[in-house]
file input.txt (compact mmCIF, C-alpha atoms and all ligand atoms)
# COMPACT_ATOMS: atom_id res chain seq x y z
CA MET A 1 0.00 0.00 0.00
CA ARG A 2 1.29 3.43 -0.94
CA GLN A 3 0.64 6.08 1.70
CA PRO A 4 -0.89 9.18 0.12
CA MET A 5 1.05 12.42 0.33
CA VAL A 6 -0.02 16.02 0.04
CA ALA A 7 2.86 18.45 -0.31
CA GLY A 8 2.54 22.22 -0.29
CA ASN A 9 4.93 24.03 -2.62
CA TRP A 10 4.84 27.59 -1.32
CA LYS A 11 6.98 28.84 -4.22
CA LEU A 12 8.11 32.46 -3.74
CA ASN A 13 5.57 33.28 -1.05
CA GLY A 14 5.70 33.82 2.67
CA SER A 15 7.03 35.97 5.50
CA SER A 16 7.91 35.14 9.09
CA GLU A 17 4.48 36.31 10.10
CA SER A 18 2.41 34.59 7.42
CA ASN A 19 4.41 31.35 7.78
CA LYS A 20 3.54 31.18 11.46
CA LEU A 21 -0.14 31.80 10.80
CA LEU A 22 -0.18 29.17 8.07
CA ILE A 23 1.59 26.48 10.10
CA ASP A 24 -0.53 27.25 13.19
CA GLY A 25 -3.64 26.86 11.04
CA ILE A 26 -2.45 23.56 9.56
CA LYS A 27 -1.58 22.24 13.00
CA GLN A 28 -5.08 22.99 14.24
CA GLY A 29 -6.72 20.82 11.62
CA LEU A 30 -4.11 18.09 11.41
CA GLY A 31 -6.17 15.71 13.54
CA GLU A 32 -8.67 15.42 10.69
CA VAL A 33 -6.01 14.19 8.27
CA LYS A 34 -6.26 10.42 8.58
CA LYS A 35 -4.14 9.04 5.78
CA ALA A 36 -1.97 11.54 3.98
CA GLN A 37 1.56 12.40 4.85
CA VAL A 38 1.60 16.21 5.04
CA VAL A 39 4.64 18.05 3.70
CA VAL A 40 5.39 21.78 3.50
CA CYS A 41 8.07 23.25 1.23
CA PRO A 42 8.73 26.87 2.19
CA PRO A 43 11.32 29.13 0.56
CA SER A 44 14.78 28.00 1.77
CA VAL A 45 15.37 31.13 3.79
CA TYR A 46 12.49 30.06 6.06
CA LEU A 47 13.49 26.40 6.49
CA GLY A 48 14.83 27.09 9.99
CA GLN A 49 11.71 28.92 11.07
CA VAL A 50 9.31 26.35 9.66
CA ASN A 51 11.48 23.53 11.00
CA ASP A 52 10.93 24.93 14.51
CA LEU A 53 7.22 25.60 13.96
CA ILE A 54 6.49 21.99 12.93
CA ASP A 55 8.65 20.45 15.63
CA GLY A 56 6.75 17.72 17.46
CA THR A 57 4.02 17.49 14.79
CA GLU A 58 3.45 15.03 11.95
CA ILE A 59 4.17 17.73 9.36
CA LEU A 60 7.27 17.02 7.29
CA LEU A 61 9.64 19.52 5.71
CA GLY A 62 10.80 19.81 2.12
CA VAL A 63 12.89 22.20 0.09
CA GLN A 64 11.87 23.62 -3.30
CA ASN A 65 15.26 23.36 -4.99
CA VAL A 66 18.83 22.40 -4.15
CA SER A 67 22.20 22.58 -5.86
CA GLU A 68 23.79 19.60 -7.53
CA GLN A 69 27.10 20.85 -6.09
CA VAL A 70 28.42 19.92 -2.67
CA SER A 71 30.20 23.17 -1.74
CA GLY A 72 32.41 25.88 -3.19
CA ALA A 73 32.11 28.95 -5.38
CA TYR A 74 28.44 28.71 -6.39
CA THR A 75 26.92 32.04 -5.37
CA GLY A 76 23.32 31.85 -4.27
CA GLU A 77 23.08 28.07 -4.12
CA ILE A 78 22.29 25.79 -1.18
CA SER A 79 23.60 22.26 -0.83
CA VAL A 80 22.11 18.99 0.35
CA SER A 81 24.51 18.90 3.31
CA MET A 82 23.10 22.26 4.51
CA LEU A 83 19.64 20.72 4.47
CA GLY A 84 20.97 18.20 6.97
CA ASP A 85 20.97 21.00 9.55
CA PHE A 86 17.17 20.96 9.44
CA SER A 87 14.92 17.95 9.65
CA CYS A 88 14.34 18.38 5.93
CA LYS A 89 13.24 15.13 4.31
CA TYR A 90 12.07 16.03 0.80
CA ALA A 91 13.48 18.02 -2.10
CA ILE A 92 11.35 19.14 -5.04
CA LEU A 93 13.39 18.68 -8.23
CA GLY A 94 12.74 19.50 -11.84
CA HIS A 95 9.72 21.68 -11.21
CA SER A 96 8.56 23.14 -14.52
CA GLU A 97 9.22 26.67 -13.22
CA ARG A 98 12.86 25.68 -12.63
CA ARG A 99 13.03 24.01 -16.01
CA SER A 100 11.50 26.88 -17.96
CA LEU A 101 12.41 30.04 -16.01
CA TYR A 102 15.87 28.93 -14.86
CA ALA A 103 16.78 26.74 -17.82
CA GLU A 104 17.27 23.54 -15.83
CA SER A 105 17.94 20.76 -18.30
CA ASP A 106 17.02 17.10 -17.91
CA GLU A 107 20.73 16.45 -17.26
CA LEU A 108 20.96 19.04 -14.49
CA VAL A 109 17.80 17.72 -12.86
CA ALA A 110 19.33 14.23 -12.98
CA LYS A 111 22.50 15.51 -11.25
CA LYS A 112 20.39 17.15 -8.55
CA PHE A 113 18.49 13.88 -8.14
CA ALA A 114 21.79 12.05 -7.62
CA ALA A 115 22.96 14.59 -5.01
CA VAL A 116 19.65 14.38 -3.12
CA LYS A 117 19.73 10.57 -3.04
CA GLU A 118 23.34 10.55 -1.92
CA ALA A 119 22.35 12.73 1.04
CA HIS A 120 19.50 10.32 1.89
CA LEU A 121 16.85 12.90 1.19
CA VAL A 122 13.78 12.01 -0.85
CA PRO A 123 13.32 13.63 -4.26
CA ILE A 124 9.88 14.85 -5.26
CA PHE A 125 10.80 14.58 -8.90
CA CYS A 126 8.54 16.67 -11.18
CA VAL A 127 7.71 15.85 -14.77
CA GLY A 128 5.12 17.23 -17.16
CA GLU A 129 4.43 18.51 -20.63
CA LEU A 130 3.75 21.97 -22.07
CA LEU A 131 0.40 22.76 -23.66
CA GLU A 132 1.83 22.61 -27.18
CA GLU A 133 3.39 19.24 -26.39
CA ARG A 134 0.03 17.88 -25.23
CA GLU A 135 -1.68 19.27 -28.28
CA ALA A 136 0.94 17.61 -30.47
CA ASN A 137 0.30 14.28 -28.69
CA GLN A 138 3.79 14.30 -27.21
CA THR A 139 2.88 14.00 -23.53
CA GLU A 140 4.18 10.45 -23.13
CA ASP A 141 7.38 11.20 -25.08
CA VAL A 142 8.16 14.22 -22.93
CA VAL A 143 7.48 12.49 -19.63
CA ALA A 144 9.46 9.42 -20.74
CA ARG A 145 12.40 11.61 -21.77
CA GLN A 146 12.38 13.41 -18.40
CA ILE A 147 12.29 10.14 -16.47
CA ASP A 148 14.83 8.35 -18.65
CA ALA A 149 17.36 11.19 -18.20
CA VAL A 150 17.37 10.42 -14.49
CA ILE A 151 17.35 6.64 -14.83
CA ASP A 152 20.27 6.90 -17.26
CA LEU A 153 22.34 8.74 -14.69
CA VAL A 154 21.39 7.08 -11.39
CA GLY A 155 19.87 3.73 -12.39
CA ILE A 156 16.42 2.43 -11.55
CA SER A 157 17.44 1.23 -8.08
CA ALA A 158 17.82 4.91 -7.05
CA PHE A 159 14.06 5.28 -7.59
CA LYS A 160 13.38 3.25 -4.46
CA ASP A 161 11.41 5.48 -2.05
CA VAL A 162 11.28 8.37 -4.51
CA VAL A 163 8.17 10.48 -5.07
CA ILE A 164 7.28 11.55 -8.60
CA ALA A 165 4.98 14.49 -9.29
CA TYR A 166 3.18 14.73 -12.61
CA GLU A 167 2.44 18.40 -13.23
CA PRO A 168 1.14 19.27 -16.68
CA VAL A 169 2.59 22.73 -17.22
CA TRP A 170 -0.65 24.04 -18.73
CA ALA A 171 -2.48 23.24 -15.48
CA ILE A 172 -0.06 25.00 -13.11
CA GLY A 173 -1.47 28.19 -11.64
CA THR A 174 -3.98 28.46 -14.46
CA GLY A 175 -7.08 27.19 -12.72
CA LYS A 176 -7.25 24.62 -15.51
CA THR A 177 -6.95 21.16 -14.00
CA ALA A 178 -6.31 17.99 -15.92
CA THR A 179 -9.40 15.81 -15.75
CA PRO A 180 -8.99 12.92 -13.33
CA GLN A 181 -8.85 10.57 -16.33
CA GLN A 182 -6.22 12.66 -18.16
CA ALA A 183 -4.08 12.65 -15.03
CA GLN A 184 -4.67 8.95 -14.38
CA ASP A 185 -3.60 8.07 -17.93
CA VAL A 186 -0.24 9.79 -17.50
CA HIS A 187 0.26 8.39 -13.99
CA ALA A 188 -0.38 4.88 -15.33
CA PHE A 189 2.09 5.55 -18.14
CA ILE A 190 4.75 6.68 -15.64
CA ARG A 191 4.21 3.59 -13.50
CA GLN A 192 4.40 1.39 -16.54
CA ARG A 193 7.61 3.13 -17.66
CA LEU A 194 9.19 2.39 -14.27
CA ALA A 195 7.89 -1.18 -14.45
CA THR A 196 9.82 -1.86 -17.63
CA HIS A 197 12.90 -1.48 -15.40
CA ASP A 198 11.65 -2.77 -12.04
CA ALA A 199 8.08 -3.88 -11.32
CA GLU A 200 8.40 -3.66 -7.55
CA ILE A 201 9.74 -0.11 -7.57
CA ALA A 202 6.96 0.84 -10.00
CA GLN A 203 4.32 -0.47 -7.59
CA GLN A 204 5.88 1.26 -4.57
CA THR A 205 6.53 4.67 -6.11
CA ARG A 206 4.14 7.38 -5.05
CA ILE A 207 3.05 9.54 -7.98
CA LEU A 208 1.47 12.87 -7.05
CA TYR A 209 -0.62 15.06 -9.32
CA GLY A 210 0.00 18.81 -9.39
CA GLY A 211 -1.73 21.64 -11.25
CA SER A 212 -4.63 23.70 -9.90
CA VAL A 213 -5.63 21.18 -7.24
CA LYS A 214 -8.31 22.73 -5.03
CA PRO A 215 -10.59 21.55 -2.23
CA SER A 216 -13.36 21.18 -4.83
CA ASN A 217 -11.48 18.81 -7.17
CA ALA A 218 -8.98 17.02 -4.92
CA LYS A 219 -11.15 14.05 -4.01
CA GLU A 220 -11.99 12.91 -7.52
CA ILE A 221 -8.37 13.29 -8.57
CA PHE A 222 -7.03 11.39 -5.55
CA ASN A 223 -9.59 8.62 -6.11
CA MET A 224 -7.85 7.51 -9.30
CA PRO A 225 -5.89 4.27 -8.86
CA ASP A 226 -2.44 5.57 -9.82
CA ILE A 227 -2.72 8.97 -8.15
CA ASP A 228 -1.20 8.95 -4.68
CA GLY A 229 -1.83 12.53 -3.60
CA GLY A 230 -0.93 16.00 -4.75
CA LEU A 231 1.72 18.67 -5.05
CA ILE A 232 -0.15 21.86 -4.30
CA GLY A 233 0.84 25.43 -5.18
CA GLY A 234 -1.64 28.26 -4.65
CA ALA A 235 -4.07 26.33 -2.45
CA SER A 236 -1.27 25.34 -0.04
CA LEU A 237 -0.98 28.95 1.13
CA LYS A 238 -4.33 28.91 2.92
CA ALA A 239 -4.49 26.54 5.89
CA GLU A 240 -8.19 25.82 5.36
CA ASP A 241 -7.79 24.92 1.69
CA PHE A 242 -4.61 22.94 2.23
CA LEU A 243 -6.23 20.94 5.04
CA ALA A 244 -9.31 20.28 2.92
CA ILE A 245 -7.04 18.86 0.22
CA CYS A 246 -5.13 16.78 2.79
CA THR A 247 -8.36 15.32 4.15
CA ALA A 248 -9.54 14.56 0.60
CA ALA A 249 -7.02 11.73 0.70
CA ASN A 250 -8.74 10.19 3.79
P1 LIG B 301 -0.90 25.36 -8.50
O1 LIG B 301 -1.51 24.41 -7.49
O2 LIG B 301 -0.86 26.77 -8.01
O3 LIG B 301 -1.47 25.18 -9.86
O4 LIG B 301 0.66 24.93 -8.61
C1 LIG B 301 0.98 23.61 -8.81
C2 LIG B 301 2.44 23.47 -8.63
O5 LIG B 301 3.21 23.94 -9.45
C3 LIG B 301 2.93 22.75 -7.45
O6 LIG B 301 4.28 22.48 -7.54
call {"tool": "encode", "arguments": {"input": "input.txt", "output": "structure tokens", "more": "lines below"}}
Ligand code: 13P
result
Amino acid sequence: MRQPMVAGNWKLNGSSESNKLLIDGIKQGLGEVKKAQVVVCPPSVYLGQVNDLIDGTEILLGVQNVSEQVSGAYTGEISVSMLGDFSCKYAILGHSERRSLYAESDELVAKKFAAVKEAHLVPIFCVGELLEEREANQTEDVVARQIDAVIDLVGISAFKDVVIAYEPVWAIGTGKTATPQQAQDVHAFIRQRLATHDAEIAQQTRILYGGSVKPSNAKEIFNMPDIDGGLIGGASLKAEDFLAICTAAN
């Protein structure tokens, strides 16, 4: 059985004050969340603060991005070893905003994946197609290419205990969600792709859906057989909405 996960990707949002309000709000409703593992991914500068705020709760901590480098002259970067100073468990990798706005290639994402695994953190490895790629019937090709780039570098055994997030780029922040069936089809494809390498890892891998998940659509998306929860952007910034999405996995 795969435990569902709901992870909040706060992106470039937050302040000391709003973080505290948000975490306090999530804590208050956490008792209603029966099944899902709850993860928050604040901006890195707030990892220490959020780390302290969630101390003693079931809420887990993730980072939104990390360097593939260990240390040295890489201005502005943070390394996996630094994350070890917080109880940070997860690292979002290959988010489409990193791929498109910061030119992260499949190869760079694969190197980051390797660094994260080496540090015994868990990648939340994002894949997904652009609108024009979907319209050109290239969704499976794109997702396969993104996954294969990582498998080529680290091998399928490194996918043990990894979380994959399928986020169709056209659904991110647009209010336009993939239909549950559209999402399920791609999730099944991803699982099948992993299974061509290792059937057991394919069965165990949690695959989250991301892209305009809201309290009103979370349940029908999470009910699909290959969808194991969600990676939530906008709706993770409001405790009430985030909790409603978490409880949709009950
Ligand atoms: P939205 O939920 O705001 O569409 O963002 C999804 C996302 O990119 C999560 O990583």
call {"tool": "residues_near_ligand", "arguments": {"input": "input.txt", "ligand": "ligand LIG 301 (chain B)", "cutoff": "8 Å", "atoms": "only C-alpha atoms and all ligand atoms", "output": "ChimeraX atom specification"}}
result
/A:8-9,11,95-97,167,169,171-175,177,210-214,231-236
call {"tool": "closest_residue", "arguments": {"input": "input.txt", "among": "A:Ala199, A:Ala248, A:Ala73, A:Ala188", "to": "Ala36 (chain A)", "atoms": "only C-alpha atoms"}}
result
A:Ala248
call {"tool": "residues_around", "arguments": {"input": "input.txt", "residues": "Ala115 (chain A)", "least_positions_apart": "3", "cutoff": "6 Å", "atoms": "only C-alpha atoms", "output": "VMD selection string"}}
result
chain A and resid 68 112 118
call {"tool": "atom_distance", "arguments": {"input": "input.txt", "atom1": "CA of Arg206 (chain A)", "atom2": "CA of Thr139 (chain A)"}}
result
19.7 Å
call {"tool": "atom_distance", "arguments": {"input": "input.txt", "atom1": "CA of Ile78 (chain A)", "atom2": "CA of Leu121 (chain A)"}}
result
14.2 Å
call {"tool": "closest_atom_pairs", "arguments": {"input": "input.txt", "of": "region 56-147 of chain A", "to": "region 29-33 of chain A", "cutoff": "9 Å", "atoms": "all atoms listed in the file", "output": "Markdown table"}}
result
| residue | atom | partner | partner_atom | distance |
| --- | --- | --- | --- | --- |
| A:Thr57 | CA | A:Leu30 | CA | 8.8 |
| A:Glu58 | CA | A:Leu30 | CA | 8.2 |
| A:Ile59 | CA | A:Leu30 | CA | 8.5 |
call {"tool": "build_atoms", "arguments": {"input": "input.txt", "residues": "region 96-110 of chain A", "atoms": "N, CA, C and O atoms", "output": "short mmCIF file (atom, residue, chain, number, x, y, z; two decimals), in the coordinates of the input"}}
result
data_model
loop_
_atom_site.label_atom_id
_atom_site.label_comp_id
_atom_site.auth_asym_id
_atom_site.auth_seq_id
_atom_site.Cartn_x
_atom_site.Cartn_y
_atom_site.Cartn_z
N SER A 96 8.59 22.52 -13.19
CA SER A 96 8.56 23.14 -14.52
C SER A 96 9.00 24.61 -14.47
O SER A 96 9.55 25.13 -15.44
N GLU A 97 8.76 25.27 -13.31
CA GLU A 97 9.22 26.67 -13.22
C GLU A 97 10.74 26.73 -13.19
O GLU A 97 11.33 27.67 -13.72
N ARG A 98 11.39 25.75 -12.60
CA ARG A 98 12.86 25.68 -12.63
C ARG A 98 13.33 25.33 -14.05
O ARG A 98 14.30 25.88 -14.53
N ARG A 99 12.61 24.42 -14.66
CA ARG A 99 13.03 24.01 -16.01
C ARG A 99 12.88 25.17 -17.00
O ARG A 99 13.77 25.43 -17.80
N SER A 100 11.74 25.87 -16.92
CA SER A 100 11.50 26.88 -17.96
C SER A 100 12.09 28.24 -17.60
O SER A 100 12.70 28.88 -18.45
N LEU A 101 11.95 28.69 -16.35
CA LEU A 101 12.41 30.04 -16.01
C LEU A 101 13.90 30.08 -15.70
O LEU A 101 14.54 31.12 -15.82
N TYR A 102 14.46 28.95 -15.24
CA TYR A 102 15.87 28.93 -14.86
C TYR A 102 16.66 27.93 -15.69
O TYR A 102 17.76 27.53 -15.31
N ALA A 103 16.09 27.54 -16.81
CA ALA A 103 16.78 26.74 -17.82
C ALA A 103 17.41 25.46 -17.27
O ALA A 103 18.50 25.06 -17.69
N GLU A 104 16.73 24.81 -16.33
CA GLU A 104 17.27 23.54 -15.83
C GLU A 104 17.01 22.44 -16.86
O GLU A 104 15.86 22.18 -17.22
N SER A 105 18.06 21.82 -17.29
CA SER A 105 17.94 20.76 -18.30
C SER A 105 17.63 19.42 -17.62
O SER A 105 17.79 19.26 -16.41
N ASP A 106 17.23 18.46 -18.43
CA ASP A 106 17.02 17.10 -17.91
C ASP A 106 18.29 16.60 -17.22
O ASP A 106 18.23 15.94 -16.19
N GLU A 107 19.44 16.94 -17.79
CA GLU A 107 20.73 16.45 -17.26
C GLU A 107 21.01 17.07 -15.89
O GLU A 107 21.47 16.40 -14.98
N LEU A 108 20.72 18.38 -15.77
CA LEU A 108 20.96 19.04 -14.49
C LEU A 108 20.01 18.47 -13.43
O LEU A 108 20.42 18.20 -12.30
N VAL A 109 18.77 18.28 -13.80
CA VAL A 109 17.80 17.72 -12.86
C VAL A 109 18.28 16.32 -12.41
O VAL A 109 18.21 15.98 -11.22
N ALA A 110 18.83 15.57 -13.33
CA ALA A 110 19.33 14.23 -12.98
C ALA A 110 20.50 14.33 -11.99
O ALA A 110 20.60 13.55 -11.04
#
